[in-house]
file query.cif (mmCIF, C-alpha atoms and all ligand atoms)
data_query
loop_
_atom_site.group_PDB
_atom_site.id
_atom_site.type_symbol
_atom_site.label_atom_id
_atom_site.label_comp_id
_atom_site.auth_asym_id
_atom_site.auth_seq_id
_atom_site.Cartn_x
_atom_site.Cartn_y
_atom_site.Cartn_z
ATOM 1 C CA MET A 746 125.375 -56.399 71.975
ATOM 2 C CA ARG A 747 128.441 -57.198 74.080
ATOM 3 C CA VAL A 748 130.988 -59.966 73.469
ATOM 4 C CA PHE A 749 133.423 -60.876 76.234
ATOM 5 C CA ILE A 750 136.446 -63.059 75.505
ATOM 6 C CA THR A 751 138.122 -64.834 78.399
ATOM 7 C CA GLY A 752 140.333 -67.849 79.014
ATOM 8 C CA LYS A 753 143.652 -68.968 80.400
ATOM 9 C CA PRO A 754 146.858 -66.974 79.922
ATOM 10 C CA GLY A 755 148.376 -67.161 76.433
ATOM 11 C CA VAL A 756 145.423 -68.977 74.896
ATOM 12 C CA GLY A 757 144.819 -66.398 72.123
ATOM 13 C CA LYS A 758 142.359 -63.821 73.495
ATOM 14 C CA THR A 759 144.229 -60.772 72.197
ATOM 15 C CA THR A 760 144.782 -62.401 68.815
ATOM 16 C CA ILE A 761 141.034 -62.904 68.396
ATOM 17 C CA LEU A 762 140.197 -59.349 69.479
ATOM 18 C CA MET A 763 142.804 -57.755 67.208
ATOM 19 C CA TYR A 764 141.670 -59.915 64.265
ATOM 20 C CA VAL A 765 138.064 -58.766 64.725
ATOM 21 C CA VAL A 766 139.152 -55.115 65.131
ATOM 22 C CA LYS A 767 141.260 -55.228 61.956
ATOM 23 C CA GLU A 768 138.471 -56.885 59.953
ATOM 24 C CA LEU A 769 135.894 -54.314 61.163
ATOM 25 C CA ILE A 770 138.228 -51.450 60.212
ATOM 26 C CA LYS A 771 138.745 -53.095 56.783
ATOM 27 C CA ARG A 772 134.950 -52.955 56.412
ATOM 28 C CA ASN A 773 135.077 -49.205 57.187
ATOM 29 C CA TYR A 774 133.410 -49.453 60.596
ATOM 30 C CA THR A 775 134.625 -46.921 63.202
ATOM 31 C CA VAL A 776 136.204 -48.897 66.029
ATOM 32 C CA VAL A 777 137.246 -47.070 69.218
ATOM 33 C CA GLY A 778 138.959 -48.432 72.303
ATOM 34 C CA PHE A 779 142.327 -49.488 73.605
ATOM 35 C CA TYR A 780 144.655 -52.470 74.016
ATOM 36 C CA CYS A 781 147.499 -53.064 76.442
ATOM 37 C CA PRO A 782 150.394 -54.960 74.875
ATOM 38 C CA GLU A 783 153.124 -56.297 77.117
ATOM 39 C CA VAL A 784 156.681 -54.952 76.710
ATOM 40 C CA ARG A 785 159.549 -57.409 77.005
ATOM 41 C CA GLU A 786 163.275 -56.703 77.295
ATOM 42 C CA GLY A 787 165.735 -59.546 77.026
ATOM 43 C CA GLY A 788 162.910 -62.054 77.184
ATOM 44 C CA ARG A 789 161.535 -60.625 80.450
ATOM 45 C CA ARG A 790 158.279 -58.680 80.723
ATOM 46 C CA ILE A 791 159.106 -55.163 81.969
ATOM 47 C CA GLY A 792 155.652 -53.633 81.659
ATOM 48 C CA PHE A 793 152.590 -52.858 79.566
ATOM 49 C CA LYS A 794 151.710 -50.064 77.152
ATOM 50 C CA ILE A 795 148.221 -48.733 76.539
ATOM 51 C CA VAL A 796 147.419 -47.982 72.884
ATOM 52 C CA SER A 797 144.408 -46.050 71.615
ATOM 53 C CA ILE A 798 142.240 -47.485 68.816
ATOM 54 C CA PRO A 799 142.097 -46.032 66.159
ATOM 55 C CA THR A 800 144.592 -43.183 66.727
ATOM 56 C CA GLY A 801 147.423 -45.488 67.816
ATOM 57 C CA LYS A 802 148.444 -43.053 70.568
ATOM 58 C CA GLU A 803 150.646 -45.055 72.960
ATOM 59 C CA ARG A 804 151.860 -44.491 76.549
ATOM 60 C CA TRP A 805 153.141 -46.649 79.404
ATOM 61 C CA LEU A 806 150.294 -48.241 81.367
ATOM 62 C CA ALA A 807 152.547 -49.843 83.974
ATOM 63 C CA LYS A 808 156.164 -50.825 84.357
ATOM 64 C CA VAL A 809 158.346 -52.647 86.843
ATOM 65 C CA GLY A 810 159.371 -50.317 89.672
ATOM 66 C CA GLU A 811 158.003 -48.140 92.464
ATOM 67 C CA GLY A 812 154.847 -46.030 92.227
ATOM 68 C CA LYS A 813 151.754 -44.916 94.132
ATOM 69 C CA ILE A 814 149.527 -47.551 92.498
ATOM 70 C CA LYS A 815 151.075 -50.991 92.098
ATOM 71 C CA VAL A 816 149.668 -54.183 90.589
ATOM 72 C CA GLY A 817 152.041 -56.944 91.517
ATOM 73 C CA LYS A 818 155.525 -55.739 90.624
ATOM 74 C CA TYR A 819 154.204 -53.161 88.135
ATOM 75 C CA ALA A 820 153.713 -49.477 88.973
ATOM 76 C CA VAL A 821 150.810 -47.897 87.097
ATOM 77 C CA GLN A 822 151.956 -44.810 85.124
ATOM 78 C CA ASP A 823 150.100 -41.478 85.185
ATOM 79 C CA GLU A 824 150.857 -40.913 81.477
ATOM 80 C CA ALA A 825 148.309 -43.624 80.625
ATOM 81 C CA GLU A 826 145.685 -40.932 81.279
ATOM 82 C CA GLU A 827 146.603 -39.269 77.948
ATOM 83 C CA VAL A 828 145.448 -42.362 76.073
ATOM 84 C CA VAL A 829 142.329 -42.687 78.224
ATOM 85 C CA ASN A 830 141.362 -39.114 77.289
ATOM 86 C CA ASP A 831 142.104 -39.845 73.618
ATOM 87 C CA VAL A 832 139.690 -42.802 73.717
ATOM 88 C CA LYS A 833 137.038 -40.818 75.640
ATOM 89 C CA ASP A 834 137.196 -38.076 72.979
ATOM 90 C CA SER A 835 136.655 -40.656 70.209
ATOM 91 C CA LEU A 836 133.761 -42.524 71.889
ATOM 92 C CA PRO A 837 130.915 -40.447 70.384
ATOM 93 C CA LYS A 838 131.869 -41.461 66.823
ATOM 94 C CA ALA A 839 132.394 -45.149 67.675
ATOM 95 C CA GLN A 840 130.275 -47.775 65.934
ATOM 96 C CA VAL A 841 132.062 -50.558 67.850
ATOM 97 C CA ILE A 842 134.086 -50.387 71.055
ATOM 98 C CA ALA A 843 137.051 -52.735 71.595
ATOM 99 C CA ILE A 844 138.926 -53.176 74.893
ATOM 100 C CA ASP A 845 141.863 -55.458 75.722
ATOM 101 C CA GLU A 846 141.673 -55.955 78.505
ATOM 102 C CA ILE A 847 139.299 -55.485 81.416
ATOM 103 C CA GLY A 848 141.702 -56.774 84.057
ATOM 104 C CA PRO A 849 143.101 -56.040 87.541
ATOM 105 C CA MET A 850 145.787 -53.733 86.104
ATOM 106 C CA GLU A 851 143.357 -51.634 84.086
ATOM 107 C CA LEU A 852 140.749 -51.560 86.868
ATOM 108 C CA SER A 853 143.362 -50.386 89.374
ATOM 109 C CA MET A 854 143.680 -47.081 87.555
ATOM 110 C CA PRO A 855 140.722 -44.800 88.422
ATOM 111 C CA SER A 856 140.595 -43.098 85.004
ATOM 112 C CA ILE A 857 140.610 -46.433 83.122
ATOM 113 C CA LYS A 858 138.039 -47.894 85.520
ATOM 114 C CA SER A 859 135.748 -44.917 84.912
ATOM 115 C CA LEU A 860 136.219 -45.272 81.136
ATOM 116 C CA ILE A 861 135.299 -48.970 81.353
ATOM 117 C CA ASP A 862 132.272 -48.165 83.547
ATOM 118 C CA GLU A 863 131.201 -45.539 80.984
ATOM 119 C CA VAL A 864 131.608 -47.991 78.080
ATOM 120 C CA LEU A 865 129.613 -50.694 79.882
ATOM 121 C CA LYS A 866 126.694 -48.256 80.185
ATOM 122 C CA LEU A 867 126.672 -47.489 76.443
ATOM 123 C CA GLU A 868 124.393 -49.392 74.068
ATOM 124 C CA LYS A 869 127.111 -49.611 71.397
ATOM 125 C CA PRO A 870 128.435 -53.032 70.300
ATOM 126 C CA LEU A 871 131.387 -53.972 72.504
ATOM 127 C CA ILE A 872 134.081 -56.630 72.213
ATOM 128 C CA ALA A 873 136.355 -56.947 75.233
ATOM 129 C CA VAL A 874 138.940 -59.311 76.654
ATOM 130 C CA VAL A 875 138.055 -59.909 80.297
ATOM 131 C CA HIS A 876 140.668 -61.242 82.713
ATOM 132 C CA ARG A 877 139.692 -64.662 84.105
ATOM 133 C CA ASN A 878 139.518 -63.253 87.661
ATOM 134 C CA VAL A 879 137.212 -60.345 86.764
ATOM 135 C CA LYS A 880 133.437 -60.805 87.033
ATOM 136 C CA LEU A 881 131.320 -58.206 85.193
ATOM 137 C CA ASN A 882 127.661 -57.791 86.165
ATOM 138 C CA VAL A 883 126.461 -56.706 82.729
ATOM 139 C CA ASP A 884 124.589 -58.524 79.949
ATOM 140 C CA GLY A 885 126.731 -59.981 77.239
ATOM 141 C CA LYS A 886 127.899 -63.158 75.589
ATOM 142 C CA THR A 887 131.060 -64.636 77.111
ATOM 143 C CA TYR A 888 133.305 -66.921 75.076
ATOM 144 C CA ILE A 889 135.907 -69.012 76.848
ATOM 145 C CA VAL A 890 138.798 -69.333 74.399
ATOM 146 C CA THR A 891 140.658 -72.631 74.102
ATOM 147 C CA GLU A 892 143.306 -73.874 71.684
ATOM 148 C CA GLU A 893 140.557 -75.951 70.082
ATOM 149 C CA ASN A 894 137.978 -73.183 69.445
ATOM 150 C CA ARG A 895 140.159 -70.095 68.913
ATOM 151 C CA GLY A 896 140.293 -70.506 65.141
ATOM 152 C CA LEU A 897 136.510 -70.770 64.714
ATOM 153 C CA LEU A 898 135.770 -68.080 67.344
ATOM 154 C CA LYS A 899 137.512 -65.383 65.290
ATOM 155 C CA GLU A 900 135.033 -65.652 62.420
ATOM 156 C CA LYS A 901 132.016 -66.384 64.669
ATOM 157 C CA ILE A 902 132.536 -63.243 66.767
ATOM 158 C CA LEU A 903 133.262 -61.097 63.696
ATOM 159 C CA GLU A 904 130.065 -62.280 61.998
ATOM 160 C CA GLU A 905 127.978 -61.654 65.146
ATOM 161 C CA ILE A 906 129.217 -58.074 65.407
ATOM 162 C CA VAL A 907 128.867 -57.339 61.667
ATOM 163 C CA ARG A 908 125.301 -58.716 61.809
ATOM 164 C CA THR A 909 124.477 -56.319 64.668
ATOM 165 C CA LEU A 910 125.868 -53.380 62.721
ATOM 166 C CA GLY A 911 123.753 -54.221 59.682
HETATM 167 N N1 LIG B 1 148.932 -71.438 66.224
HETATM 168 C C1 LIG B 1 148.173 -70.477 66.779
HETATM 169 N N2 LIG B 1 148.733 -69.645 67.684
HETATM 170 C C2 LIG B 1 147.937 -68.684 68.211
HETATM 171 C C3 LIG B 1 146.572 -68.531 67.848
HETATM 172 N N3 LIG B 1 146.053 -67.497 68.560
HETATM 173 C C4 LIG B 1 147.066 -67.021 69.342
HETATM 174 N N4 LIG B 1 148.196 -67.735 69.123
HETATM 175 C C5 LIG B 1 149.519 -67.496 69.741
HETATM 176 O O1 LIG B 1 149.445 -67.711 71.148
HETATM 177 C C6 LIG B 1 150.265 -66.739 71.830
HETATM 178 C C7 LIG B 1 149.389 -65.968 72.826
HETATM 179 O O2 LIG B 1 148.399 -65.246 72.073
HETATM 180 P P1 LIG B 1 147.632 -64.026 72.760
HETATM 181 O O3 LIG B 1 146.555 -63.611 71.809
HETATM 182 O O4 LIG B 1 148.607 -63.002 73.231
HETATM 183 O O5 LIG B 1 147.002 -64.776 74.018
HETATM 184 P P2 LIG B 1 146.254 -64.097 75.246
HETATM 185 O O6 LIG B 1 145.254 -65.078 75.729
HETATM 186 O O7 LIG B 1 145.769 -62.750 74.886
HETATM 187 O O8 LIG B 1 147.463 -63.971 76.277
HETATM 188 P P3 LIG B 1 147.438 -63.155 77.652
HETATM 189 O O9 LIG B 1 146.890 -61.791 77.353
HETATM 190 O O10 LIG B 1 148.892 -63.132 78.063
HETATM 191 O O11 LIG B 1 146.574 -63.934 78.602
HETATM 192 C C8 LIG B 1 150.833 -65.807 70.764
HETATM 193 O O12 LIG B 1 152.151 -66.212 70.456
HETATM 194 C C9 LIG B 1 149.925 -66.033 69.580
HETATM 195 O O13 LIG B 1 150.589 -65.839 68.348
HETATM 196 C C10 LIG B 1 146.030 -69.451 66.874
HETATM 197 O O14 LIG B 1 144.851 -69.401 66.497
HETATM 198 N N5 LIG B 1 146.865 -70.416 66.363
#
call {"tool": "encode", "arguments": {"input": "query.cif", "output": "structure tokens", "more": "lines below"}}
Ligand SMILES: Nc1nc2c(ncn2[C@@H]2O[C@H](COP(=O)(O)OP(=O)(O)OP(=O)(O)O)[C@@H](O)[C@H]2O)c(=O)[nH]1
result
Amino acid sequence: MRVFITGKPGVGKTTILMYVVKELIKRNYTVVGFYCPEVREGGRRIGFKIVSIPTGKERWLAKVGEGKIKVGKYAVQDEAEEVVNDVKDSLPKAQVIAIDEIGPMELSMPSIKSLIDEVLKLEKPLIAVVHRNVKLNVDGKTYIVTEENRGLLKEKILEEIVRTLG
């Protein structure tokens, strides 16, 4: 059972995913994955972190500046690999996998791309934010988030995943 959340920038994708993750953890399910919050300084976005679920281990994913792999103005940071390995180590015990997001930045980093490829091959329930420009060729239910449906989608997606877990 895979749920993909997509939609325009700033519409509430991350908010839905994090709500579902928190509610699953409250219900004592083991959720494993990662999310990539943006980092702003003085109102300007200077980069993104990558944070492991559930350990909370955090490293720079990408930040403004020069580097061997660049996505737009952001240089992908090697240290992100430490979080990728943390997630990989936790995968076997996962009951649900949560990823925010499957996007150009994440897919540009070989170790994150291979983690995502590995997760997409697993049969475990998955909830993932998918960037609007990324097309995944795997089975799953895709929800396009809008201001109008984002409130209802939170509960609907949570219930669908809880029902799968039994
Ligand atoms: N009022 C209201 N605001 C919301 C809701 N969901 C998200 N927001 C706000 O909308 C803004 C963007 O939310 P995100 O969840 O970061 O949106 P996103 O689609 O993940 O954004 P990107 O990852 O930048 O594309 C934040 O300030 C949220 O607090 C909601 O249900 N109601």
call {"tool": "atom_distance", "arguments": {"input": "query.cif", "atom1": "CA of Val829 (chain A)", "atom2": "CA of Gly755 (chain A)"}}
result
25.3 Å
call {"tool": "residues_around", "arguments": {"input": "query.cif", "residues": "Val828 (chain A)", "least_positions_apart": "6", "cutoff": "12 Å", "atoms": "all atoms listed in the file", "output": "PyMOL selection string"}}
result
chain A and resi 777-781+794-806+822+834-835+856-857+860
call {"tool": "resolve_selection", "arguments": {"input": "query.cif", "expression": "the PyMOL selection byres (((chain A and resi 878) around 12) and not hetatm)", "output": "ChimeraX atom specification"}}
result
/A:751-754,846-850,852,874-877,879-881
call {"tool": "residues_near_ligand", "arguments": {"input": "query.cif", "ligand": "ligand LIG 1 (chain B)", "cutoff": "6 Å", "atoms": "only C-alpha atoms and all ligand atoms", "output": "PyMOL selection string"}}
result
chain A and resi 754-760+895-896
call {"tool": "residues_near_point", "arguments": {"input": "query.cif", "point": "(130.3, -49.4, 72.1)", "cutoff": "6 Å", "atoms": "only C-alpha atoms", "output": "list in words"}}
result
Val841, Ile842, Leu867, Lys869, Pro870 and Leu871 of chain A
call {"tool": "closest_residue", "arguments": {"input": "query.cif", "among": "A:Lys833, A:Lys813, A:Lys899, A:Lys866", "to": "Tyr764 (chain A)", "atoms": "all atoms listed in the file"}}
result
A:Lys899
call {"tool": "closest_residue", "arguments": {"input": "query.cif", "among": "A:Lys815, A:Val748, A:Gln840, A:Ile761", "to": "Gly911 (chain A)", "atoms": "only C-alpha atoms"}}
result
A:Gln840
call {"tool": "atom_distance", "arguments": {"input": "query.cif", "atom1": "CA of Glu900 (chain A)", "atom2": "CA of Val883 (chain A)"}}
result
23.8 Å
call {"tool": "atom_distance", "arguments": {"input": "query.cif", "atom1": "CA of Lys808 (chain A)", "atom2": "CA of Met763 (chain A)"}}
result
22.8 Å
call {"tool": "closest_residue", "arguments": {"input": "query.cif", "among": "A:Val765, A:Val784, A:Ile814, A:Ile844", "to": "Leu903 (chain A)", "atoms": "only C-alpha atoms"}}
result
A:Val765
call {"tool": "closest_residue", "arguments": {"input": "query.cif", "among": "A:Leu910, A:Asn830, A:Gly788, A:Lys818", "to": "Asn773 (chain A)", "atoms": "all atoms listed in the file"}}
result
A:Leu910
call {"tool": "axis_aligned_box", "arguments": {"input": "query.cif", "around": "region 805-816 of chain A", "padding_each_side": "8 Å", "output": "lines of an AutoDock Vina configuration file"}}
result
center_x = 154.4
center_y = -49.5
center_z = 86.8
size_x = 25.8
size_y = 25.3
size_z = 30.7
call {"tool": "residues_around", "arguments": {"input": "query.cif", "residues": "Asp823 (chain A)", "least_positions_apart": "2", "cutoff": "9 Å", "atoms": "only C-alpha atoms", "output": "list of chain:residue names"}}
result
A:Trp805, A:Leu806, A:Ala807, A:Val821, A:Ala825, A:Glu826, A:Glu827, A:Met854
call {"tool": "write_last_selection", "arguments": {"input": "query.cif", "atoms": "C-alpha atoms", "output": "compact mmCIF listing (two decimals), in the frame of the given file"}}
result
# COMPACT_ATOMS: atom_id res chain seq x y z
CA TRP A 805 153.14 -46.65 79.40
CA LEU A 806 150.29 -48.24 81.37
CA ALA A 807 152.55 -49.84 83.97
CA VAL A 821 150.81 -47.90 87.10
CA ALA A 825 148.31 -43.62 80.62
CA GLU A 826 145.68 -40.93 81.28
CA GLU A 827 146.60 -39.27 77.95
CA MET A 854 143.68 -47.08 87.56
call {"tool": "build_atoms", "arguments": {"input": "query.cif", "residues": "region 848-866 of chain A", "atoms": "N, CA, C and O atoms", "output": "PDB file, in the coordinates of the input"}}
result
ATOM      1  N   GLY A 848     140.962 -55.920  83.121  1.00  0.00           N
ATOM      2  CA  GLY A 848     141.702 -56.774  84.057  1.00  0.00           C
ATOM      3  C   GLY A 848     142.091 -55.999  85.305  1.00  0.00           C
ATOM      4  O   GLY A 848     141.856 -54.788  85.395  1.00  0.00           O
ATOM      5  N   PRO A 849     142.718 -56.685  86.270  1.00  0.00           N
ATOM      6  CA  PRO A 849     143.101 -56.040  87.541  1.00  0.00           C
ATOM      7  C   PRO A 849     143.956 -54.794  87.331  1.00  0.00           C
ATOM      8  O   PRO A 849     143.772 -53.772  87.987  1.00  0.00           O
ATOM      9  N   MET A 850     144.884 -54.873  86.365  1.00  0.00           N
ATOM     10  CA  MET A 850     145.787 -53.733  86.104  1.00  0.00           C
ATOM     11  C   MET A 850     144.970 -52.521  85.654  1.00  0.00           C
ATOM     12  O   MET A 850     145.060 -51.445  86.230  1.00  0.00           O
ATOM     13  N   GLU A 851     144.135 -52.752  84.643  1.00  0.00           N
ATOM     14  CA  GLU A 851     143.357 -51.634  84.086  1.00  0.00           C
ATOM     15  C   GLU A 851     142.385 -51.080  85.136  1.00  0.00           C
ATOM     16  O   GLU A 851     142.193 -49.891  85.280  1.00  0.00           O
ATOM     17  N   LEU A 852     141.765 -51.994  85.880  1.00  0.00           N
ATOM     18  CA  LEU A 852     140.749 -51.560  86.868  1.00  0.00           C
ATOM     19  C   LEU A 852     141.376 -50.879  88.085  1.00  0.00           C
ATOM     20  O   LEU A 852     140.695 -50.220  88.860  1.00  0.00           O
ATOM     21  N   SER A 853     142.702 -51.008  88.210  1.00  0.00           N
ATOM     22  CA  SER A 853     143.362 -50.386  89.374  1.00  0.00           C
ATOM     23  C   SER A 853     143.604 -48.894  89.133  1.00  0.00           C
ATOM     24  O   SER A 853     143.930 -48.152  90.048  1.00  0.00           O
ATOM     25  N   MET A 854     143.429 -48.494  87.879  1.00  0.00           N
ATOM     26  CA  MET A 854     143.680 -47.081  87.555  1.00  0.00           C
ATOM     27  C   MET A 854     142.333 -46.367  87.474  1.00  0.00           C
ATOM     28  O   MET A 854     141.520 -46.689  86.603  1.00  0.00           O
ATOM     29  N   PRO A 855     142.045 -45.435  88.363  1.00  0.00           N
ATOM     30  CA  PRO A 855     140.722 -44.800  88.422  1.00  0.00           C
ATOM     31  C   PRO A 855     140.213 -44.299  87.069  1.00  0.00           C
ATOM     32  O   PRO A 855     139.047 -44.528  86.729  1.00  0.00           O
ATOM     33  N   SER A 856     141.090 -43.674  86.280  1.00  0.00           N
ATOM     34  CA  SER A 856     140.595 -43.098  85.004  1.00  0.00           C
ATOM     35  C   SER A 856     140.221 -44.200  84.018  1.00  0.00           C
ATOM     36  O   SER A 856     139.260 -44.082  83.265  1.00  0.00           O
ATOM     37  N   ILE A 857     140.958 -45.330  84.024  1.00  0.00           N
ATOM     38  CA  ILE A 857     140.610 -46.433  83.122  1.00  0.00           C
ATOM     39  C   ILE A 857     139.348 -47.118  83.624  1.00  0.00           C
ATOM     40  O   ILE A 857     138.446 -47.452  82.859  1.00  0.00           O
ATOM     41  N   LYS A 858     139.249 -47.264  84.955  1.00  0.00           N
ATOM     42  CA  LYS A 858     138.039 -47.894  85.520  1.00  0.00           C
ATOM     43  C   LYS A 858     136.801 -47.070  85.164  1.00  0.00           C
ATOM     44  O   LYS A 858     135.780 -47.607  84.749  1.00  0.00           O
ATOM     45  N   SER A 859     136.941 -45.733  85.223  1.00  0.00           N
ATOM     46  CA  SER A 859     135.748 -44.917  84.912  1.00  0.00           C
ATOM     47  C   SER A 859     135.427 -44.971  83.420  1.00  0.00           C
ATOM     48  O   SER A 859     134.256 -44.979  83.023  1.00  0.00           O
ATOM     49  N   LEU A 860     136.461 -45.114  82.580  1.00  0.00           N
ATOM     50  CA  LEU A 860     136.219 -45.272  81.136  1.00  0.00           C
ATOM     51  C   LEU A 860     135.486 -46.589  80.876  1.00  0.00           C
ATOM     52  O   LEU A 860     134.508 -46.653  80.130  1.00  0.00           O
ATOM     53  N   ILE A 861     135.942 -47.658  81.531  1.00  0.00           N
ATOM     54  CA  ILE A 861     135.299 -48.970  81.353  1.00  0.00           C
ATOM     55  C   ILE A 861     133.861 -48.918  81.858  1.00  0.00           C
ATOM     56  O   ILE A 861     132.930 -49.387  81.195  1.00  0.00           O
ATOM     57  N   ASP A 862     133.646 -48.287  83.011  1.00  0.00           N
ATOM     58  CA  ASP A 862     132.272 -48.165  83.547  1.00  0.00           C
ATOM     59  C   ASP A 862     131.386 -47.405  82.554  1.00  0.00           C
ATOM     60  O   ASP A 862     130.238 -47.785  82.307  1.00  0.00           O
ATOM     61  N   GLU A 863     131.959 -46.341  81.965  1.00  0.00           N
ATOM     62  CA  GLU A 863     131.201 -45.539  80.984  1.00  0.00           C
ATOM     63  C   GLU A 863     130.855 -46.392  79.760  1.00  0.00           C
ATOM     64  O   GLU A 863     129.706 -46.424  79.309  1.00  0.00           O
ATOM     65  N   VAL A 864     131.827 -47.143  79.275  1.00  0.00           N
ATOM     66  CA  VAL A 864     131.608 -47.991  78.080  1.00  0.00           C
ATOM     67  C   VAL A 864     130.548 -49.044  78.362  1.00  0.00           C
ATOM     68  O   VAL A 864     129.671 -49.302  77.527  1.00  0.00           O
ATOM     69  N   LEU A 865     130.578 -49.630  79.557  1.00  0.00           N
ATOM     70  CA  LEU A 865     129.613 -50.694  79.882  1.00  0.00           C
ATOM     71  C   LEU A 865     128.182 -50.161  80.000  1.00  0.00           C
ATOM     72  O   LEU A 865     127.232 -50.929  79.974  1.00  0.00           O
ATOM     73  N   LYS A 866     128.044 -48.841  80.109  1.00  0.00           N
ATOM     74  CA  LYS A 866     126.694 -48.256  80.185  1.00  0.00           C
ATOM     75  C   LYS A 866     126.157 -47.913  78.789  1.00  0.00           C
ATOM     76  O   LYS A 866     124.963 -47.696  78.586  1.00  0.00           O
TER      77      LYS A 866
END
